[in-house]
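As provided, work.txt (compact mmCIF, C-alpha atoms) reads as follows.
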# COMPACT_ATOMS: atom_id res chain seq x y z
CA MET A 1 44.76 -32.58 42.77
CA SER A 2 47.09 -32.82 39.83
CA GLY A 3 44.00 -32.95 37.58
CA GLU A 4 42.66 -29.69 39.05
CA LYS A 5 46.02 -28.06 38.70
CA ARG A 6 46.28 -29.23 35.14
CA MET A 7 42.85 -27.70 34.34
CA ASP A 8 43.97 -24.40 35.88
CA ILE A 9 47.10 -24.46 33.84
CA SER A 10 45.09 -25.29 30.77
CA ASP A 11 42.91 -22.21 31.23
CA ASP A 12 45.97 -20.04 31.28
CA LEU A 13 47.65 -21.92 28.51
CA ILE A 14 44.57 -21.71 26.34
CA ARG A 15 44.65 -17.93 26.47
CA GLU A 16 48.29 -17.79 25.60
CA ALA A 17 47.92 -20.40 22.90
CA LEU A 18 45.04 -18.55 21.29
CA GLN A 19 46.94 -15.29 21.44
CA GLN A 20 49.94 -16.91 19.76
CA GLU A 21 47.68 -18.36 17.09
CA VAL A 22 46.64 -14.85 16.16
CA ASP A 23 50.10 -13.35 16.54
CA CYS A 24 51.83 -15.95 14.44
CA ILE A 25 49.34 -16.34 11.67
CA GLU A 26 50.30 -15.01 8.27
CA VAL A 27 47.59 -12.78 6.96
CA PRO A 28 47.18 -12.74 3.20
CA GLY A 29 46.73 -9.47 1.27
CA LYS A 30 44.91 -7.19 3.64
CA ASP A 31 44.42 -4.47 1.06
CA ARG A 32 42.89 -6.91 -1.39
CA ALA A 33 40.56 -8.14 1.34
CA TRP A 34 39.44 -4.59 2.15
CA LYS A 35 38.86 -3.86 -1.52
CA ASN A 36 36.70 -6.98 -1.82
CA ILE A 37 34.72 -6.08 1.28
CA THR A 38 33.97 -2.53 0.12
CA SER A 39 33.10 -3.82 -3.33
CA SER A 40 30.69 -6.41 -1.87
CA LEU A 41 29.07 -3.80 0.35
CA GLU A 42 28.63 -1.46 -2.60
CA LYS A 43 27.08 -4.22 -4.70
CA LYS A 44 24.68 -5.14 -1.93
CA ARG A 45 23.71 -1.50 -1.42
CA SER A 46 22.94 -0.99 -5.11
CA SER A 47 21.08 -4.29 -5.18
CA VAL A 48 18.90 -3.11 -2.30
CA LYS A 49 18.27 0.16 -4.15
CA ARG A 50 17.27 -1.74 -7.27
CA ARG A 51 14.98 -3.98 -5.26
CA GLN A 52 13.37 -0.97 -3.63
CA PHE A 53 12.90 0.63 -7.03
CA LYS A 54 11.24 -2.50 -8.33
CA TRP A 55 8.96 -2.58 -5.33
CA SER A 56 7.91 1.00 -5.88
CA GLN A 57 7.24 0.22 -9.52
CA ALA A 58 5.22 -2.80 -8.56
CA ALA A 59 3.25 -0.73 -6.07
CA ALA A 60 2.49 1.84 -8.76
CA VAL A 61 1.35 -0.85 -11.18
CA ALA A 62 -0.79 -2.44 -8.48
CA ALA A 63 -2.38 0.91 -7.67
CA ALA A 64 -3.10 1.54 -11.35
CA CYS A 65 -4.65 -1.91 -11.69
CA LEU A 66 -6.78 -1.28 -8.64
CA ILE A 67 -8.08 1.97 -10.08
CA VAL A 68 -8.92 0.25 -13.36
CA VAL A 69 -10.65 -2.62 -11.60
CA LEU A 70 -12.59 -0.37 -9.25
CA GLY A 71 -13.52 1.89 -12.14
CA GLY A 72 -14.66 -1.13 -14.10
CA ILE A 73 -16.78 -2.30 -11.21
CA GLY A 74 -18.29 1.14 -10.89
CA ILE A 75 -19.22 1.18 -14.57
CA PHE A 76 -20.49 -2.33 -14.25
CA ARG A 77 -22.63 -1.37 -11.29
CA ASN A 78 -24.01 1.63 -13.13
CA LEU A 79 -25.05 -0.52 -16.03
CA GLU A 80 -26.80 -2.77 -13.52
CA THR A 81 -26.66 -5.71 -15.76
CA GLY A 82 -25.95 -8.01 -12.85
CA LEU A 83 -22.93 -10.12 -12.08
CA SER A 84 -22.33 -13.53 -13.45
CA LEU A 85 -23.62 -16.25 -11.24
CA ALA A 86 -21.00 -18.47 -12.75
CA ASP A 87 -18.47 -16.76 -10.55
CA THR A 88 -20.71 -16.46 -7.57
CA ASP A 89 -20.98 -19.11 -4.94
CA MET A 90 -22.82 -17.02 -2.45
CA VAL A 91 -23.82 -13.49 -1.83
CA SER A 92 -23.52 -11.99 1.59
CA GLU A 93 -23.27 -8.74 3.36
CA THR A 94 -21.09 -7.62 6.19
CA ALA A 95 -22.35 -5.70 9.17
CA ASP A 96 -19.48 -3.25 8.89
CA GLU A 97 -20.18 -2.45 5.28
CA PHE A 98 -23.89 -2.16 5.22
CA GLY A 99 -25.21 -2.25 1.74
CA VAL A 100 -21.87 -3.28 0.26
CA LEU A 101 -21.98 -6.80 -0.96
CA GLU A 102 -19.20 -9.27 -1.27
CA VAL A 103 -18.88 -12.63 -2.86
CA GLU A 104 -17.73 -15.41 -0.64
CA ASN A 105 -16.94 -19.02 -1.18
CA GLU A 106 -18.25 -19.86 2.21
CA VAL A 107 -21.88 -20.65 2.70
CA VAL A 108 -23.77 -17.91 4.43
CA GLN A 109 -26.27 -18.93 7.02
CA PRO A 110 -29.76 -17.43 6.94
CA GLU A 111 -29.22 -15.58 10.18
CA VAL A 112 -26.72 -13.34 8.39
CA PHE A 113 -29.70 -11.64 6.82
CA ASP A 114 -31.21 -10.39 10.03
CA ASP A 115 -33.23 -7.22 10.29
CA SER A 116 -30.22 -5.04 10.97
CA LEU A 117 -28.80 -6.04 7.61
CA ARG A 118 -31.93 -5.47 5.59
CA HIS A 119 -31.28 -3.71 2.37
CA THR A 120 -32.16 -0.15 1.81
CA GLU A 121 -33.55 1.05 -1.46
CA ASP A 122 -30.09 1.94 -2.74
CA SER A 123 -28.41 -1.29 -1.86
CA GLU A 124 -28.13 -4.05 -4.35
CA PHE A 125 -27.17 -7.64 -4.80
CA PRO A 126 -24.87 -8.43 -7.69
CA ILE A 127 -27.86 -9.94 -9.40
CA GLY A 128 -30.36 -7.28 -8.46
CA LYS A 129 -31.74 -4.84 -5.93
CA ALA A 130 -33.47 -5.48 -2.68
CA ASP A 131 -37.20 -5.78 -3.19
CA LEU A 132 -38.78 -3.47 -0.64
CA SER A 133 -42.31 -4.53 -1.64
CA PRO A 134 -41.83 -8.20 -2.36
CA PRO A 135 -44.60 -10.54 -3.45
CA ASP A 136 -45.82 -12.99 -0.93
CA TRP A 137 -42.94 -15.40 -1.09
CA PRO A 138 -43.37 -18.55 0.98
CA SER A 139 -41.33 -18.22 4.14
CA VAL A 140 -40.25 -21.86 3.99
CA LEU A 141 -39.86 -24.25 1.07
CA PRO A 142 -39.96 -28.05 1.29
CA GLY A 143 -36.61 -29.25 2.59
CA ASP A 144 -36.65 -26.51 5.24
CA TYR A 145 -35.27 -23.83 2.93
CA ARG A 146 -35.97 -20.52 4.60
CA LEU A 147 -36.50 -17.19 2.95
CA GLY A 148 -33.40 -15.05 3.21
CA GLU A 149 -33.78 -12.10 0.89
CA ALA A 150 -36.28 -10.79 -1.59
CA LEU A 151 -34.84 -9.26 -4.73
CA ILE A 152 -35.71 -7.44 -7.87
CA LEU A 153 -33.52 -8.73 -10.63
CA THR A 154 -32.90 -5.84 -12.92
CA GLY A 155 -32.06 -5.61 -16.59
CA ALA A 156 -30.64 -2.38 -18.02
CA GLY A 157 -31.79 -0.59 -14.92
CA GLU A 158 -35.36 -1.76 -15.26
CA PRO A 159 -36.98 -4.37 -13.03
CA ALA A 160 -37.07 -7.67 -14.87
CA TYR A 161 -37.88 -10.41 -12.40
CA SER A 162 -38.87 -10.87 -8.83
CA GLY A 163 -36.59 -13.20 -6.95
CA ALA A 164 -36.01 -14.70 -3.55
CA VAL A 165 -33.01 -16.43 -2.05
CA TYR A 166 -33.62 -19.39 0.27
CA PHE A 167 -31.14 -21.03 2.57
CA ASN A 168 -30.77 -24.32 4.35
CA GLY A 169 -27.35 -24.80 5.87
CA GLY A 170 -24.86 -24.93 3.05
CA VAL A 171 -27.46 -24.99 0.31
CA SER A 172 -29.05 -21.93 -1.21
CA LEU A 173 -31.65 -21.55 -3.90
CA LEU A 174 -32.81 -18.69 -6.06
CA LEU A 175 -36.49 -18.62 -6.88
CA VAL A 176 -37.45 -16.32 -9.74
CA GLU A 177 -40.76 -15.50 -11.33
CA LYS A 178 -42.30 -13.20 -13.93
CA GLU A 179 -45.72 -12.86 -15.35
CA ILE A 180 -46.18 -14.66 -18.60
CA ASN A 181 -46.18 -12.20 -21.46
CA GLU A 182 -45.01 -12.71 -24.96
CA LYS A 183 -42.29 -15.18 -23.93
CA ASP A 184 -42.90 -18.88 -23.54
CA LEU A 185 -41.13 -20.91 -20.91
CA LEU A 186 -38.05 -21.55 -23.03
CA GLY A 187 -37.84 -17.89 -23.94
CA PHE A 188 -38.18 -16.98 -20.28
CA THR A 189 -35.45 -19.43 -19.33
CA GLU A 190 -33.08 -18.21 -21.99
CA HIS A 191 -33.85 -14.61 -21.14
CA LEU A 192 -33.13 -15.36 -17.52
CA GLY A 193 -29.80 -16.87 -18.50
CA GLY A 194 -29.01 -13.82 -20.60
CA HIS A 195 -29.97 -11.55 -17.73
CA MET A 196 -27.57 -13.36 -15.47
CA GLN A 197 -24.91 -13.28 -18.16
CA VAL A 198 -24.49 -17.00 -18.10
CA ALA A 199 -25.11 -19.55 -20.79
CA LEU A 200 -27.59 -22.24 -19.98
CA HIS A 201 -26.58 -25.78 -20.76
CA ASP A 202 -28.21 -29.19 -20.90
CA ILE A 203 -31.65 -27.78 -21.47
CA GLU A 204 -34.22 -30.56 -21.28
CA ARG A 205 -37.98 -30.47 -21.54
CA ALA A 206 -40.07 -32.97 -19.67
CA ASN A 207 -43.57 -32.95 -18.17
CA GLY A 208 -43.93 -29.18 -18.45
CA PHE A 209 -40.54 -28.49 -16.89
CA ILE A 210 -37.36 -27.22 -18.39
CA ARG A 211 -34.30 -28.45 -16.67
CA PHE A 212 -31.08 -26.64 -17.32
CA SER A 213 -27.67 -26.19 -15.77
CA VAL A 214 -25.45 -23.21 -15.19
CA ASN A 215 -21.85 -24.11 -14.56
CA GLU A 216 -22.95 -27.47 -13.19
CA ARG A 217 -25.56 -25.83 -11.01
CA THR A 218 -28.97 -27.27 -11.62
CA GLY A 219 -31.96 -25.14 -12.57
CA LEU A 220 -35.60 -25.86 -13.20
CA ALA A 221 -38.22 -23.68 -14.91
CA TRP A 222 -41.99 -24.12 -15.14
CA GLN A 223 -45.20 -22.19 -15.57
CA LYS A 224 -47.89 -21.86 -12.99
CA GLY A 225 -50.71 -19.45 -12.22
CA GLY A 226 -49.95 -17.22 -15.19
CA ARG A 227 -46.32 -16.85 -14.26
CA ASN A 228 -43.00 -18.22 -15.46
CA GLN A 229 -41.02 -19.49 -12.52
CA ALA A 230 -37.53 -20.84 -12.13
CA LEU A 231 -35.48 -22.33 -9.37
CA LEU A 232 -31.70 -22.30 -9.49
CA VAL A 233 -29.27 -23.92 -7.07
CA LEU A 234 -26.83 -21.20 -6.07
CA SER A 235 -24.70 -23.29 -3.72
CA GLY A 236 -24.56 -26.87 -2.57
CA GLN A 237 -26.17 -29.87 -4.17
CA VAL A 238 -29.88 -30.45 -4.63
CA ALA A 239 -31.34 -33.51 -6.34
CA LYS A 240 -33.49 -32.98 -9.40
CA GLN A 241 -36.44 -34.63 -7.71
CA GLU A 242 -36.14 -32.35 -4.71
CA LEU A 243 -36.24 -29.34 -7.00
CA LYS A 244 -39.37 -30.73 -8.59
CA ASN A 245 -40.96 -31.22 -5.18
CA ILE A 246 -40.16 -27.63 -4.28
CA ALA A 247 -41.50 -26.41 -7.61
CA ALA A 248 -44.70 -28.36 -7.06
CA SER A 249 -45.19 -26.76 -3.66
CA ILE A 250 -45.05 -23.19 -4.99
CA ASP A 251 -48.36 -21.63 -5.87
CA MET B 1 41.56 -0.70 21.09
CA GLU B 2 39.58 0.50 24.10
CA PRO B 3 35.95 -0.64 24.47
CA GLU B 4 34.62 2.92 24.29
CA GLU B 5 36.56 3.55 21.10
CA ILE B 6 35.08 0.42 19.58
CA ARG B 7 31.60 1.49 20.66
CA GLN B 8 32.06 4.85 18.94
CA LEU B 9 33.22 3.22 15.73
CA VAL B 10 30.25 0.86 15.77
CA ARG B 11 27.88 3.75 16.42
CA LYS B 12 29.42 5.76 13.60
CA ASN B 13 28.93 2.92 11.15
CA ASP B 14 30.43 4.65 8.12
CA ASN B 15 33.20 3.82 5.70
CA ASP B 16 35.97 5.25 7.88
CA SER B 17 34.81 3.42 10.98
CA HIS B 18 34.47 0.22 8.95
CA ARG B 19 38.06 0.59 7.84
CA ALA B 20 39.24 1.13 11.40
CA LEU B 21 37.36 -1.94 12.62
CA PHE B 22 38.71 -3.95 9.73
CA GLU B 23 42.27 -2.96 10.59
CA ALA B 24 41.78 -3.87 14.22
CA TYR B 25 40.00 -7.19 13.75
CA TYR B 26 41.04 -8.64 10.42
CA LYS B 27 43.93 -10.74 11.67
CA ARG B 28 42.14 -12.33 14.63
CA THR B 29 39.03 -13.00 12.57
CA TYR B 30 41.09 -14.60 9.85
CA ALA B 31 42.77 -16.74 12.54
CA VAL B 32 39.37 -18.00 13.71
CA ALA B 33 38.30 -18.86 10.17
CA TYR B 34 41.62 -20.43 9.35
CA ASN B 35 41.65 -22.62 12.43
CA ILE B 36 38.31 -24.08 11.42
CA LEU B 37 38.89 -24.34 7.68
CA ARG B 38 42.64 -24.97 7.47
CA ARG B 39 42.70 -23.49 3.99
CA ARG B 40 44.07 -20.02 3.44
CA GLU B 41 41.92 -19.21 0.41
CA ASN B 42 38.73 -20.38 2.10
CA ALA B 43 39.62 -18.61 5.32
CA GLU B 44 40.21 -15.41 3.38
CA ASP B 45 36.83 -15.64 1.65
CA ILE B 46 35.00 -16.46 4.87
CA THR B 47 36.70 -13.61 6.72
CA GLN B 48 35.69 -11.15 4.03
CA ASP B 49 32.12 -12.45 4.07
CA ALA B 50 32.07 -12.12 7.84
CA PHE B 51 33.08 -8.46 7.64
CA VAL B 52 30.49 -7.76 4.95
CA LYS B 53 27.75 -9.36 7.04
CA ALA B 54 28.92 -7.59 10.17
CA PHE B 55 28.99 -4.16 8.52
CA GLN B 56 25.60 -4.73 6.95
CA ASN B 57 24.09 -5.61 10.31
CA LEU B 58 26.11 -3.37 12.56
CA HIS B 59 22.99 -1.58 13.76
CA GLN B 60 21.84 -4.85 15.33
CA LEU B 61 24.83 -5.08 17.64
CA GLN B 62 23.62 -3.93 21.05
CA ASP B 63 26.98 -3.50 22.77
CA GLY B 64 29.52 -2.13 20.33
CA ALA B 65 32.39 -3.16 22.61
CA LYS B 66 31.60 -6.79 21.77
CA PHE B 67 32.23 -6.25 18.08
CA GLY B 68 35.25 -8.57 18.05
CA ALA B 69 33.39 -11.45 19.68
CA TRP B 70 30.39 -10.85 17.47
CA LEU B 71 32.56 -10.91 14.38
CA ALA B 72 34.24 -14.10 15.60
CA VAL B 73 30.82 -15.71 15.96
CA ILE B 74 29.86 -14.65 12.43
CA ALA B 75 33.14 -15.90 10.99
CA SER B 76 33.09 -19.20 12.85
CA ASN B 77 29.45 -19.80 11.95
CA LEU B 78 30.21 -19.10 8.31
CA ALA B 79 33.20 -21.42 8.45
CA ARG B 80 31.21 -24.18 10.12
CA ASN B 81 28.41 -23.81 7.58
CA TYR B 82 30.97 -23.93 4.80
CA LEU B 83 32.37 -27.17 6.15
CA LYS B 84 28.91 -28.68 6.45
CA ARG B 85 27.91 -27.54 2.98
CA GLU B 86 31.05 -28.70 1.29
CA LYS B 87 31.41 -31.73 3.55
CA LYS B 88 35.07 -30.92 3.69
CA ILE B 89 37.42 -33.07 5.66
CA ILE B 90 39.63 -30.99 7.87
CA LEU B 91 43.21 -31.74 7.08
CA THR B 92 45.79 -30.87 9.62
CA GLU B 93 48.33 -28.47 8.28
CA GLU B 94 51.60 -27.76 9.88
CA LEU B 95 51.38 -25.16 12.58
CA PRO B 96 52.86 -21.83 11.63
CA GLU B 97 56.28 -21.43 13.05
CA ILE B 98 56.23 -20.21 16.59
CA SER B 99 58.35 -17.14 16.87
CA THR B 100 61.76 -18.07 18.10
CA ASP B 101 61.56 -15.41 20.79
CA SER B 102 59.03 -17.46 22.67
CA VAL B 103 61.18 -20.57 22.86
CA SER B 104 64.72 -19.38 22.75
CA ASN B 105 64.74 -18.37 26.34
CA ASP B 106 67.58 -18.95 28.66
CA THR B 107 65.61 -20.57 31.37
CA GLU B 108 64.36 -24.13 31.20
CA ALA B 109 60.99 -23.13 32.69
CA LEU B 110 60.24 -20.75 29.88
CA ALA B 111 61.27 -23.30 27.32
CA LEU B 112 58.94 -25.85 28.84
CA ARG B 113 56.19 -23.28 28.91
CA GLY B 114 56.73 -22.65 25.23
CA LEU B 115 56.45 -26.35 24.49
CA GLU B 116 53.24 -26.59 26.46
CA ILE B 117 51.75 -23.68 24.58
CA GLU B 118 52.68 -25.35 21.35
CA ARG B 119 50.93 -28.54 22.44
CA VAL B 120 47.83 -26.59 23.43
CA ARG B 121 47.80 -24.77 20.12
CA LYS B 122 47.91 -28.08 18.33
CA ALA B 123 45.19 -29.48 20.57
CA ILE B 124 43.00 -26.42 20.02
CA ARG B 125 43.26 -26.98 16.30
CA ASP B 126 41.95 -30.50 16.75
CA LEU B 127 38.85 -29.37 18.61
CA PRO B 128 35.51 -29.75 16.82
CA PRO B 129 34.45 -26.37 15.38
CA GLU B 130 31.62 -25.83 17.88
CA GLN B 131 33.98 -26.42 20.84
CA TYR B 132 36.66 -24.25 19.27
CA GLN B 133 34.08 -21.49 18.82
CA ALA B 134 33.16 -21.59 22.52
CA VAL B 135 36.81 -21.66 23.57
CA VAL B 136 37.67 -18.61 21.44
CA LEU B 137 34.73 -16.66 22.79
CA GLN B 138 35.55 -17.44 26.41
CA TYR B 139 39.34 -17.36 26.43
CA TYR B 140 40.16 -14.90 23.71
CA HIS B 141 37.20 -12.52 23.84
CA ASP B 142 36.61 -12.97 27.58
CA LEU B 143 32.89 -13.51 27.27
CA LYS B 144 30.87 -15.03 30.08
CA VAL B 145 29.08 -18.29 29.51
CA GLU B 146 25.73 -16.46 29.45
CA GLU B 147 27.02 -14.01 26.85
CA ILE B 148 28.31 -16.85 24.68
CA ALA B 149 24.95 -18.58 24.93
CA GLU B 150 23.19 -15.41 23.85
CA MET B 151 25.55 -14.80 20.96
CA LEU B 152 25.36 -18.36 19.69
CA ASN B 153 21.65 -18.59 20.44
CA ILE B 154 22.12 -21.77 22.41
CA ARG B 155 21.47 -22.74 26.02
CA VAL B 156 23.93 -21.93 28.79
CA GLY B 157 24.14 -25.65 29.55
CA THR B 158 25.21 -26.36 26.01
CA VAL B 159 27.97 -23.75 26.23
CA LYS B 160 29.17 -25.20 29.52
CA SER B 161 29.14 -28.67 28.06
CA ARG B 162 31.15 -27.58 25.01
CA LEU B 163 33.67 -25.77 27.14
CA PHE B 164 33.99 -28.67 29.56
CA ARG B 165 34.60 -31.16 26.76
CA ALA B 166 37.11 -28.83 25.12
CA ARG B 167 39.00 -28.39 28.37
CA GLN B 168 38.96 -32.12 28.96
CA LYS B 169 40.53 -32.73 25.55
CA LEU B 170 43.17 -30.07 26.05
CA ALA B 171 43.99 -31.34 29.51
CA ALA B 172 44.15 -34.89 28.22
CA VAL B 173 46.65 -33.89 25.56
CA LEU B 174 48.90 -32.33 28.16
CA GLU B 175 48.50 -35.23 30.55
CA LEU B 176 49.24 -37.68 27.76
CA ASP B 177 52.35 -35.78 26.76
CA SER B 178 53.38 -35.53 30.35
CA ASP B 179 52.82 -39.27 30.85
CA SER B 180 54.69 -40.02 27.66
CA ALA B 181 57.60 -38.02 28.86
CA CYS B 182 57.59 -39.94 32.13
CA HIS B 183 57.39 -43.29 30.40
CA THR B 184 60.17 -42.29 28.08
CA SER B 185 62.33 -41.06 30.85
CA LYS B 186 61.73 -44.28 32.74
CA GLY B 187 62.38 -46.27 29.64
CA GLY B 188 58.91 -47.80 29.65
CA ASP B 189 57.19 -48.99 26.54
CA LEU B 190 54.57 -46.86 24.81
Structure translated into structure tokens:
Amino acid sequence: MSGEKRMDISDDLIREALQQEVDCIEVPGKDRAWKNITSSLEKKRSSVKRRQFKWSQAAAVAAACLIVVLGGIGIFRNLETGLSLADTDMVSETADEFGVLEVENEVVQPEVFDDSLRHTEDSEFPIGKADLSPPDWPSVLPGDYRLGEALILTGAGEPAYSGAVYFNGGVSLLLVEKEINEKDLLGFTEHLGGHMQVALHDIERANGFIRFSVNERTGLAWQKGGRNQALLVLSGQVAKQELKNIAASID
Amino acid sequence: MEPEEIRQLVRKNDNDSHRALFEAYYKRTYAVAYNILRRRENAEDITQDAFVKAFQNLHQLQDGAKFGAWLAVIASNLARNYLKREKKIILTEELPEISTDSVSNDTEALALRGLEIERVRKAIRDLPPEQYQAVVLQYYHDLKVEEIAEMLNIRVGTVKSRLFRARQKLAAVLELDSDSACHTSKGGDL
């Protein structure tokens, strides 16, 4: 009972004690405190204004950069010289932006290129336009690579090569061919590299093949049936021998 | 200051209303900070910071009438954070002199009451900051346990626990003093 009473008393005492704490406390320079508070508030306000100004500047710069970049892309598209494969892991197309192509790091499955996403005459891959009258590309290559898209690789607005992109899971291949004219196989290979705006490296000749690499992606070129042909790994890893097997299977 | 008057000042949220709120709450906010920090300079800085933060975020205060409690929470949180950051050891300073009016009463009962209040004040100062914070909000600002929990962003159970422990300590101090007095009067050893 005395404990309960004591707690009741404590409640009351606490209030009085707290009130006395406030009443008795000596408060140092109130005016100085108010001056400091208003000064701090003013500083913070001006700091916020400065930050906002910087943000607006940054937004303006970003917008200007975007215009320059988009303009550059537009010019680049008009020249139709093709994008660098060195920076391209995969080419795909979104259903929402039909005909507008984007570069992705992710591997695109063959089913992305269904009939509803077929290119129109005006659409284009970074490395060329859709080929609406493609040659008779094999529908499947050894290793179960399936035909995804037929292309016309253009140079200065003029058709340069016929091409086809094949997919198998995370691996994609570009098959290119052109009738043999004045260029030999090496000339064709180098011209192809120039067309794609990439430098070819590690060029080797062996048994009628030219093996090369583009940014560590393996390529193989050969001649068959009056045509120069080349196979380039666009994404994933493919063994040299497998490329040769594929090359051997193509008429 | 009446609750509706405080609400209006909070709603106004301009320099004049800030000044009025400062005048009304500076002393009690300083007292909260000082009781946690025990250093006048630090308490002054923390109190000023608390006002700056409060005025900057005044639009977030849902019930303007609770400005005082809200400010006390800001100040006590700042003070607690300061202690944690600086790892300061709280040193007990002498209590400010209790006004002689409160003890120089003619009656013995009032004198005893004054002594008890003094003991409680001392005991309150020895409470851990988080218990002191809860005590101030409940007993000085008359907040309900649920309101304290909301303000401190902790569970109701935690508030109850802090308050219970604080009350236990305060009661123990009074009991101890009372027992001591008995022992002394009986001539027993301590």
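Of the residues listed (B:Arg155, B:Lys160, B:Arg125, B:Lys66), B:Lys66 shows the shortest atom-to-atom separation from B:Ile6; distances use all atoms listed in the file.
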Exercise. For chain A, list the residues within 9 Å of chain B, counting all atoms listed in the file, and write the list as an MDAnalysis selection string.
Key: chainID A and resid 3 6:7 9:28 30 33:34 36:38 40:41 44
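As for atom CA of B:Met1 and atom CA of B:Leu71, they are spaced 15.2 Å apart.
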Exercise. Work out how far apart atom CA of A:Glu216 and atom CA of A:Val140 are and give it in Å to one decimal.
Key: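 So the answer is 25.0 Å.
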Quiz prompt | Option closest in space to B:His59, from B:Glu150, B:Asp14, B:Leu37, B:Lys84 [counting only C-alpha atoms] | solution = B:Asp14
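You will find atom CA of B:Ala149 at 13.8 Å from atom CA of B:Asn77.
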Quiz prompt | Among listed residues A:Ser172, A:Glu179, A:Ile250, A:Ala150, nearest A:Arg217 (using all atoms listed in the file) | solution = A:Ser172
Quiz item: So which one's closest to A:Ser133, A:Lys240, A:Gly169, A:His191, A:Glu149? Using all atoms listed in the file, please.
Solution: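 Of A:Lys240, A:Gly169, A:His191, A:Glu149, the one nearest A:Ser133 is A:Glu149, counting all atoms listed in the file.
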Exercise. Take the point (-42.9, -13.4, -10.6) as written in the file and pick out every residue within 12 Å of it, counting only C-alpha atoms; give the list as a PyMOL selection string.
Key: chain A and resi 134-137+150-153+159-164+175-181+188+222-231+250-251
Could you save the residues just selected, with C-alpha atoms, as a CSV table (one decimal), in the coordinates of the input?
chain,number,residue,atom,x,y,z
A,134,PRO,CA,-41.8,-8.2,-2.4
A,135,PRO,CA,-44.6,-10.5,-3.4
A,136,ASP,CA,-45.8,-13.0,-0.9
A,137,TRP,CA,-42.9,-15.4,-1.1
A,150,ALA,CA,-36.3,-10.8,-1.6
A,151,LEU,CA,-34.8,-9.3,-4.7
A,152,ILE,CA,-35.7,-7.4,-7.9
A,153,LEU,CA,-33.5,-8.7,-10.6
A,159,PRO,CA,-37.0,-4.4,-13.0
A,160,ALA,CA,-37.1,-7.7,-14.9
A,161,TYR,CA,-37.9,-10.4,-12.4
A,162,SER,CA,-38.9,-10.9,-8.8
A,163,GLY,CA,-36.6,-13.2,-7.0
A,164,ALA,CA,-36.0,-14.7,-3.6
A,175,LEU,CA,-36.5,-18.6,-6.9
A,176,VAL,CA,-37.4,-16.3,-9.7
A,177,GLU,CA,-40.8,-15.5,-11.3
A,178,LYS,CA,-42.3,-13.2,-13.9
A,179,GLU,CA,-45.7,-12.9,-15.4
A,180,ILE,CA,-46.2,-14.7,-18.6
A,181,ASN,CA,-46.2,-12.2,-21.5
A,188,PHE,CA,-38.2,-17.0,-20.3
A,222,TRP,CA,-42.0,-24.1,-15.1
A,223,GLN,CA,-45.2,-22.2,-15.6
A,224,LYS,CA,-47.9,-21.9,-13.0
A,225,GLY,CA,-50.7,-19.4,-12.2
A,226,GLY,CA,-50.0,-17.2,-15.2
A,227,ARG,CA,-46.3,-16.8,-14.3
A,228,ASN,CA,-43.0,-18.2,-15.5
A,229,GLN,CA,-41.0,-19.5,-12.5
A,230,ALA,CA,-37.5,-20.8,-12.1
A,231,LEU,CA,-35.5,-22.3,-9.4
A,250,ILE,CA,-45.0,-23.2,-5.0
A,251,ASP,CA,-48.4,-21.6,-5.9
